[in-house]
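A.B. asks: For reference, the structure I am asking about is given below.
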Amino acid sequence: RTTAAMGDAPEPSSQAPLAVLSKVELRVSCKHLLDRDTLNKSDPCVLLLMQSQGQWMEVDRSEVIKSNLNPVFAKIFTVDYYFEEVQKLRFEVYDSHGHTGVGTHDDDDFLGGMECTVGQVSSHPLPFETPAAAALPSPTPRLLQIVAQKRVTKPLFLKYGKFAGKSTITVISEEISGNNGYVELAFRAKKLDDKDLFSKSDPFLEIYRIDDDRSEQLVYRTEVVKNNLSPIWEPFKVSLNSLCSCEEKRKLRCVVWDYDSRGKHDFIGEFFTTFEEMQKAMGENKVQWDCMNPKYKIKKRNYKNSGVVVLLDLKIHRVYSFLDYIMGGCQIHFTVAIDFTASNGDPRNSCSLHYINPYQPNEYLKALVAVGEICQDYDSDKKFSALGFGARIPPKYEVSHDFAINFNPDNDECEGIQGVVESYQSCLPKIQLYGPTNVAPIISKVARVAADEERTKEASQYFILLILTDGVVTDMADTREAIVRASYLPMSIIIVGVGNADFTDMQILDGDDGVLRSPKGEPVLRDIVQFVPFREFKNASPTALAKCVLAEVPKQVVEYYSYKAFPPRCPQPETPDSNLGSPQ
């Protein structure tokens with residue numbers, strides 16, 4: 001069989017600020033979009049941007065829907081909701097031309113935008129900046145309280161405050177309470193009606209959740225299976241919150257369509273079900289429904305159905321928390337890598353970043369102790385690997401980019417944070433600071449150990465690599481490649497910039513500003529890098545630095561083990577009423 005995707009959604013990038021109050025799911029649809037195409041209708045895609053430190057950053061984007069001026073996007077945007085913050089969002093709608101440049105700020109592609117906030121209502125309007133130029137719309141849309149209003153419909157604006165015709169965008173929000181389990185579903189159909197004259201139908205399936213107000217929310221849209229009346233769709237995962245609001249008896253409407261490239265999909269049939277009924281498909285069992293066309297049922301006396309839809313398999317997955325993994329015996333293994341390049345200055349000079357002041361620790365030691373003291377609480381043996389890079393080391397004084405600072409190549413571990421500090425202080429007089437600032441070798445070294453751990457197929461060890469450096473990475477291409485490889489392994493990377501250098505280029509490695517890619521264009525599987533300039537915490541308490549750099553680690557641990565489908569080694573017992581797989 002051949003398949004054609006309804007649309008390609010790129011990898012999301014994410015940012016983790018303060019303590020999350022909750023998560024909010026946003027569903028987007030549009031009506032009466034401008035038609036930018038000459039022969040067909042526009043192929044819309046929605047970009048979600050969030051304002052961070054005055055800059056608009058892309059958070060995520062929807063799939064592209066072909067030839068449709070009234071699209072209902074299947075993509076569900078998930079944003080963290082912070083009660084104490086005004087979180088500014090911007091939705092931009094583009095006409096995609098089938099290349100990777102959606103949202104590249106080409107005027108011809110821009111169909112309109114709308115701004116709002118996630119939480120609070122502000123009495124002050126937001127100036128709307130279009131991709132082409134910053135301009136104030138008039139009238140300016142007021143800030144919207146998405147969470148409170150649940151459903152918001154607003155006009156789309158072009159640049160200079162011009163209305164985008166009669167175009168509107170509707171954003172429906174739903175707050176997710178706590179962590180949610182998810183369900184994996186595998187559907188197929190048999191003997192569907194043939195809607196095409198010269199070939200067979202090109203079916204796809206849509207699942208809608210029927211809410212209490214009888215409105216329907218699109219939960220999922222499958223891929224299109226070309227020229228096939230008995231399609232087998234790819235298995236997919238949806239959260240239980242999205243599927244049925246974690247209510248087994250909530251009614252679901254499932255619709256089968258024959259795909260049309262011009263957007264005029266032909267209705268094949270529909271059926272109604274519940275998650276409670278779907279669960280009969282667990283194990284070896286299968287559940288099937290008649291796919292019904294109500295018009296045919298009325299008109300045709302002997303009408304039976306327009307095909308049969310079969311649920312081949314259903315798997316319920318519990319979403320585990322970071323503490324579930326830690327309590328199950330997962331150890332956090334901590335490796336510190338210290339920059340010994342010449343740009344740090346001669347350690348004997350008081351101006352050097354490596355200067356050992358008997359009365360006050362230098363910035364390297366401050367950062368090491370602040371982060372290490374948190375990490376050691378999650379490591380039972382309290383032994384830390386301590387490496388150095390960018391120095392000439394004895395006995396031959398050749399440059400090394402991954403040497404043990406205790407000079408024991410067979411065992412680079414030190415006893416606790418104090419052991420790392422002592423090894424650092426004793427190695428400084430024995431080495432010659434040199435260069436360049438190559439960090440890819442150390443990332444690869446830790447990745448090899450993490451790869452060995454991955455092969456155990458257990459959630460037993462997760463690796464954190466803390467890189468302390470005073471300058472911009474020299475081997476940026478190799479570092480990007482190493483990070484992409486590492487994103488598939490049980491490890492996270494924290495980079496702390498020491499000193500007053502310009503660390504602008506280092507932000508590239510942190511996925512907060514977009515998806516990091518290898519030189520060949522391959523994206524990271526997970527955002528595993530956190531970069532922080534130490535100077536921003538010079539006058540703060542050590543706990544402030546540790547809180548900032550370690551904030552994303554719990555999420556990264558859970559993301560990795562969820563991706564690998566590794567449960568905690570000693571999972572907590574299920575509660576009697578946890579039949580929906582809801583976590584504790």
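Lettering and numbering for the structure tokens are positional, with chains as A, B, ... in the shown order, residues counted from 1 in each chain, and ligands counted from 1 in the shown order.
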Just want the 10 Å neighbourhood of segment 429-440 of chain A, counted on only C-alpha atoms, with same-chain residues fewer than 4 positions away dropped. Output as a ChimeraX atom specification.
C.D. replies: /A:337-348,388-395,397-402,405,424-425,444-445,467,469-483
A.B. asks: If you run DSSP over the backbone, which residues in segment 405-500 of chain A end up strand (DSSP E)? Put them as a PyMOL selection string.
C.D. replies: chain A and resi 413-415+432-433+461-469+491-497
A.B. asks: Would you pick out the contacts of Met491 of chain A at 8 Å or less, using only C-alpha atoms, so that residues sharing its chain but fewer than 2 positions from it are not included, and give the list as a list in words?
C.D. replies: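 Non-adjacent residues within range: Ala447, Ala450, Tyr462, Phe463, Ile464, Leu465, Ala486, Ser487, Leu489, Ile493, Ile528 and Val557 of chain A.
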A.B. asks: Counting only C-alpha atoms, figure out which residue out of A:Ala367, A:Val420, A:Leu156, A:Ala451 gets nearest to Ala544 of chain A.
C.D. replies: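 The shortest atom-to-atom distance to Ala544 of chain A comes from A:Ala367.
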A.B. asks: Rounded to one decimal place, report the atom CA of His354 of chain A-atom CA of Ala386 of chain A distance in Å.
C.D. replies: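 Computed distance, atom CA of His354 of chain A to atom CA of Ala386 of chain A, equals 15.8 Å.
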A.B. asks: Nearest residue to Glu270 of chain A out of A:Pro568, A:Pro523, A:Pro554, A:Gly307, using only C-alpha atoms?
C.D. replies: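 Counting only C-alpha atoms, the residue closest to Glu270 of chain A is A:Gly307.
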A.B. asks: So that I can see what lies close to Asn362 of chain A, please list as a list in words the residues with an atom at most 12 Å from it, counting only C-alpha atoms and leaving out residues fewer than 2 positions away in the same chain.
C.D. replies: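 Everything that qualifies: Asn344, Pro347, Ser350, Cys351, Ser352, Leu353, His354, Tyr355, Ile356, Asn357, Pro358, Tyr359, Gln360, Tyr364, Leu365, Lys366, Ala367, Leu368, Val369, Val421, Tyr424, Gln425, Val498, Gly499, Phe534 and Lys538 of chain A.
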A.B. asks: Take the residues from that selection and write them out as an mmCIF file, in the first residue's frame, keeping C-alpha atoms.
C.D. replies:
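Output file selection_0.cif follows:
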data_model
loop_
_atom_site.group_PDB
_atom_site.id
_atom_site.type_symbol
_atom_site.label_atom_id
_atom_site.label_comp_id
_atom_site.auth_asym_id
_atom_site.auth_seq_id
_atom_site.Cartn_x
_atom_site.Cartn_y
_atom_site.Cartn_z
ATOM 1 C CA ASN A 344 41.118 31.381 30.631
ATOM 2 C CA PRO A 347 46.113 30.154 36.707
ATOM 3 C CA SER A 350 44.729 36.652 39.845
ATOM 4 C CA CYS A 351 42.905 37.745 36.651
ATOM 5 C CA SER A 352 42.671 34.154 35.446
ATOM 6 C CA LEU A 353 39.314 32.387 35.564
ATOM 7 C CA HIS A 354 41.248 29.403 36.959
ATOM 8 C CA TYR A 355 42.991 31.402 39.691
ATOM 9 C CA ILE A 356 42.906 29.527 43.000
ATOM 10 C CA ASN A 357 42.015 32.108 45.619
ATOM 11 C CA PRO A 358 42.396 30.678 49.136
ATOM 12 C CA TYR A 359 39.620 32.968 50.370
ATOM 13 C CA GLN A 360 37.027 32.666 47.586
ATOM 14 C CA TYR A 364 34.447 27.313 37.750
ATOM 15 C CA LEU A 365 34.305 26.022 41.309
ATOM 16 C CA LYS A 366 31.155 27.980 42.147
ATOM 17 C CA ALA A 367 29.280 26.532 39.161
ATOM 18 C CA LEU A 368 30.628 23.027 39.775
ATOM 19 C CA VAL A 369 29.604 22.960 43.439
ATOM 20 C CA VAL A 421 37.371 20.069 43.642
ATOM 21 C CA TYR A 424 40.796 20.172 39.858
ATOM 22 C CA GLN A 425 43.068 22.113 42.189
ATOM 23 C CA VAL A 498 32.161 31.215 32.628
ATOM 24 C CA GLY A 499 33.615 34.720 32.266
ATOM 25 C CA PHE A 534 27.327 32.182 34.832
ATOM 26 C CA LYS A 538 27.200 35.964 39.910
#
A.B. asks: Hey, what's within 6 Å of Val496 of chain A if we count only C-alpha atoms and toss same-chain stuff fewer than 5 positions away? As a ChimeraX atom specification, please?
C.D. replies: /A:468,531-533
A.B. asks: Based on the selection just made, write N, CA and C atoms of those residues as a PDB file, in the first residue's frame.
C.D. replies:
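Wrote selection_22.pdb, looks like this:
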ATOM      1  N   LEU A 468      31.780  23.175  31.636  1.00  0.00           N
ATOM      2  CA  LEU A 468      32.123  24.530  32.093  1.00  0.00           C
ATOM      3  C   LEU A 468      33.141  25.097  31.126  1.00  0.00           C
ATOM      4  N   PHE A 531      21.880  25.908  28.124  1.00  0.00           N
ATOM      5  CA  PHE A 531      23.032  26.814  28.231  1.00  0.00           C
ATOM      6  C   PHE A 531      22.692  27.989  29.146  1.00  0.00           C
ATOM      7  N   VAL A 532      23.609  28.298  30.057  1.00  0.00           N
ATOM      8  CA  VAL A 532      23.417  29.414  30.981  1.00  0.00           C
ATOM      9  C   VAL A 532      24.739  30.168  31.151  1.00  0.00           C
ATOM     10  N   PRO A 533      24.760  31.495  30.955  1.00  0.00           N
ATOM     11  CA  PRO A 533      25.965  32.279  31.273  1.00  0.00           C
ATOM     12  C   PRO A 533      26.049  32.469  32.787  1.00  0.00           C
TER      13      PRO A 533
END
A.B. asks: One decimal, in Å: what's the spacing between atom CA of Arg151 of chain A and atom CA of Ile172 of chain A?
C.D. replies: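 About the pair atom CA of Arg151 of chain A and atom CA of Ile172 of chain A: they are 4.4 Å apart.
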A.B. asks: So that I can see what lies close to segment 181-184 of chain A, please list as a JSON list (two decimals) with C-alpha atoms, in the first residue's frame the residues with an atom at most 9 Å from it, counting only C-alpha atoms and leaving out residues fewer than 3 positions away in the same chain.
C.D. replies:
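Wrote result03.json, looks like this:
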[["chain", "number", "residue", "atom", "x", "y", "z"],
["A", 235, "PRO", "CA", -0.92, 3.12, 14.63],
["A", 236, "PHE", "CA", -1.04, 6.43, 16.50],
["A", 237, "LYS", "CA", -0.93, 7.75, 20.06],
["A", 238, "VAL", "CA", -3.24, 10.28, 21.69],
["A", 239, "SER", "CA", -3.54, 11.39, 25.29],
["A", 240, "LEU", "CA", -6.56, 10.14, 27.21],
["A", 241, "ASN", "CA", -7.31, 13.75, 28.00],
["A", 242, "SER", "CA", -7.57, 14.59, 24.30],
["A", 243, "LEU", "CA", -9.45, 11.44, 23.34],
["A", 246, "CYS", "CA", -10.40, 10.79, 30.73],
["A", 313, "ASP", "CA", -5.18, -3.10, 18.79],
["A", 314, "LEU", "CA", -5.38, -0.77, 21.78],
["A", 315, "LYS", "CA", -2.62, -0.20, 24.32],
["A", 316, "ILE", "CA", -2.92, 2.01, 27.38],
["A", 317, "HIS", "CA", 0.32, 3.60, 28.55],
["A", 318, "ARG", "CA", 0.86, 5.13, 31.92],
["A", 319, "VAL", "CA", 2.80, 8.39, 31.93],
["A", 320, "TYR", "CA", 5.45, 8.10, 34.64],
["A", 580, "LEU", "CA", -7.50, 4.74, 32.37],
["A", 581, "GLY", "CA", -3.80, 4.49, 33.05],
["A", 582, "SER", "CA", -3.78, 7.82, 34.86],
["A", 583, "PRO", "CA", -0.55, 8.42, 36.77]]
A.B. asks: I want to know what sits within 9 Å of Arg209 of chain A, based on only C-alpha atoms, with residues of the same chain fewer than 2 positions away left out; could you give that as a PyMOL selection string?
C.D. replies: chain A and resi 207+211+215-219+242-245+250-254
A.B. asks: Keeping only all heavy atoms, take the residues you just selected and write them out as a CSV table (one decimal), in the first residue's frame.
C.D. replies:
chain,number,residue,atom,x,y,z
A,207,ILE,N,-11.2,11.2,14.1
A,207,ILE,CA,-11.9,10.9,15.3
A,207,ILE,C,-12.2,12.2,16.0
A,207,ILE,O,-11.4,13.1,16.2
A,207,ILE,CB,-11.0,10.0,16.2
A,207,ILE,CG1,-10.7,8.7,15.6
A,207,ILE,CG2,-11.7,9.8,17.6
A,207,ILE,CD1,-9.8,7.8,16.4
A,211,ASP,N,-18.2,16.9,23.2
A,211,ASP,CA,-18.1,17.5,24.5
A,211,ASP,C,-19.5,17.7,25.1
A,211,ASP,O,-20.5,17.5,24.4
A,211,ASP,CB,-17.4,18.9,24.4
A,211,ASP,CG,-15.9,18.7,24.2
A,211,ASP,OD1,-15.4,17.6,24.5
A,211,ASP,OD2,-15.3,19.7,23.8
A,215,SER,N,-20.6,20.2,21.1
A,215,SER,CA,-19.6,20.5,20.1
A,215,SER,C,-18.7,19.4,19.9
A,215,SER,O,-18.5,18.5,20.8
A,215,SER,CB,-18.9,21.8,20.5
A,215,SER,OG,-18.1,21.6,21.7
A,216,GLU,N,-18.0,19.3,18.7
A,216,GLU,CA,-17.1,18.3,18.4
A,216,GLU,C,-15.7,18.8,18.3
A,216,GLU,O,-15.5,19.8,17.7
A,216,GLU,CB,-17.5,17.6,17.1
A,216,GLU,CG,-18.8,16.9,17.2
A,216,GLU,CD,-19.1,16.1,15.9
A,216,GLU,OE1,-18.4,16.2,14.9
A,216,GLU,OE2,-20.1,15.4,15.9
A,217,GLN,N,-14.7,18.1,18.9
A,217,GLN,CA,-13.3,18.5,18.9
A,217,GLN,C,-12.6,17.4,18.1
A,217,GLN,O,-12.6,16.2,18.5
A,217,GLN,CB,-12.7,18.6,20.3
A,217,GLN,CG,-13.5,19.6,21.2
A,217,GLN,CD,-13.5,21.0,20.6
A,217,GLN,OE1,-12.6,21.4,19.8
A,217,GLN,NE2,-14.6,21.7,20.9
A,218,LEU,N,-11.8,17.8,17.1
A,218,LEU,CA,-11.0,16.9,16.3
A,218,LEU,C,-9.9,16.3,17.2
A,218,LEU,O,-9.1,17.1,17.8
A,218,LEU,CB,-10.5,17.5,15.1
A,218,LEU,CG,-9.6,16.7,14.2
A,218,LEU,CD1,-10.3,15.5,13.7
A,218,LEU,CD2,-9.0,17.5,13.1
A,219,VAL,N,-9.9,15.0,17.4
A,219,VAL,CA,-8.8,14.4,18.2
A,219,VAL,C,-7.6,14.0,17.4
A,219,VAL,O,-6.5,14.2,17.7
A,219,VAL,CB,-9.4,13.2,19.0
A,219,VAL,CG1,-8.3,12.4,19.7
A,219,VAL,CG2,-10.5,13.6,19.9
A,242,SER,N,-7.1,14.1,25.6
A,242,SER,CA,-7.6,14.6,24.3
A,242,SER,C,-8.7,13.7,23.8
A,242,SER,O,-9.7,14.2,23.2
A,242,SER,CB,-6.4,14.6,23.3
A,242,SER,OG,-5.4,15.5,23.7
A,243,LEU,N,-8.5,12.4,23.9
A,243,LEU,CA,-9.4,11.4,23.3
A,243,LEU,C,-10.8,11.5,24.0
A,243,LEU,O,-11.8,11.6,23.3
A,243,LEU,CB,-8.9,10.0,23.5
A,243,LEU,CG,-9.8,8.9,22.9
A,243,LEU,CD1,-9.9,9.0,21.4
A,243,LEU,CD2,-9.2,7.5,23.3
A,244,CYS,N,-10.9,11.5,25.3
A,244,CYS,CA,-12.2,11.4,26.0
A,244,CYS,C,-12.3,12.2,27.2
A,244,CYS,O,-13.2,11.9,28.1
A,244,CYS,CB,-12.5,9.9,26.2
A,244,CYS,SG,-11.3,9.1,27.3
A,245,SER,N,-11.4,13.1,27.5
A,245,SER,CA,-11.3,13.9,28.7
A,245,SER,C,-11.2,13.0,29.9
A,245,SER,O,-11.7,13.3,31.0
A,245,SER,CB,-12.6,14.8,28.9
A,245,SER,OG,-12.7,15.7,27.8
A,250,ARG,N,-17.6,8.9,27.4
A,250,ARG,CA,-17.8,10.0,26.6
A,250,ARG,C,-17.9,9.6,25.1
A,250,ARG,O,-17.1,8.8,24.6
A,250,ARG,CB,-16.7,11.0,26.7
A,250,ARG,CG,-16.9,12.3,25.8
A,250,ARG,CD,-15.9,13.4,26.1
A,250,ARG,NE,-16.1,13.9,27.5
A,250,ARG,CZ,-17.0,14.8,27.8
A,250,ARG,NH1,-17.8,15.3,26.9
A,250,ARG,NH2,-17.0,15.3,29.1
A,251,LYS,N,-18.9,10.1,24.4
A,251,LYS,CA,-19.2,9.6,23.0
A,251,LYS,C,-18.1,10.2,22.1
A,251,LYS,O,-17.7,11.3,22.2
A,251,LYS,CB,-20.6,10.1,22.6
A,251,LYS,CG,-21.0,9.5,21.2
A,251,LYS,CD,-22.5,9.8,20.9
A,251,LYS,CE,-23.4,8.9,21.6
A,251,LYS,NZ,-24.8,9.0,21.1
A,252,LEU,N,-17.7,9.3,21.1
A,252,LEU,CA,-16.8,9.7,20.1
A,252,LEU,C,-17.4,9.4,18.7
A,252,LEU,O,-18.1,8.5,18.5
A,252,LEU,CB,-15.5,8.8,20.2
A,252,LEU,CG,-14.8,8.8,21.6
A,252,LEU,CD1,-13.7,7.7,21.6
A,252,LEU,CD2,-14.2,10.1,21.9
A,253,ARG,N,-17.1,10.3,17.8
A,253,ARG,CA,-17.6,10.2,16.4
A,253,ARG,C,-16.4,10.0,15.5
A,253,ARG,O,-15.5,10.7,15.5
A,253,ARG,CB,-18.4,11.4,16.0
A,253,ARG,CG,-18.9,11.4,14.5
A,253,ARG,CD,-19.8,12.6,14.2
A,253,ARG,NE,-20.1,12.7,12.8
A,253,ARG,CZ,-19.6,13.6,12.0
A,253,ARG,NH1,-18.7,14.5,12.5
A,253,ARG,NH2,-19.9,13.6,10.7
A,254,CYS,N,-16.5,8.9,14.7
A,254,CYS,CA,-15.4,8.5,13.8
A,254,CYS,C,-15.9,8.6,12.4
A,254,CYS,O,-17.0,8.0,12.1
A,254,CYS,CB,-14.9,7.1,14.1
A,254,CYS,SG,-14.4,6.9,15.8
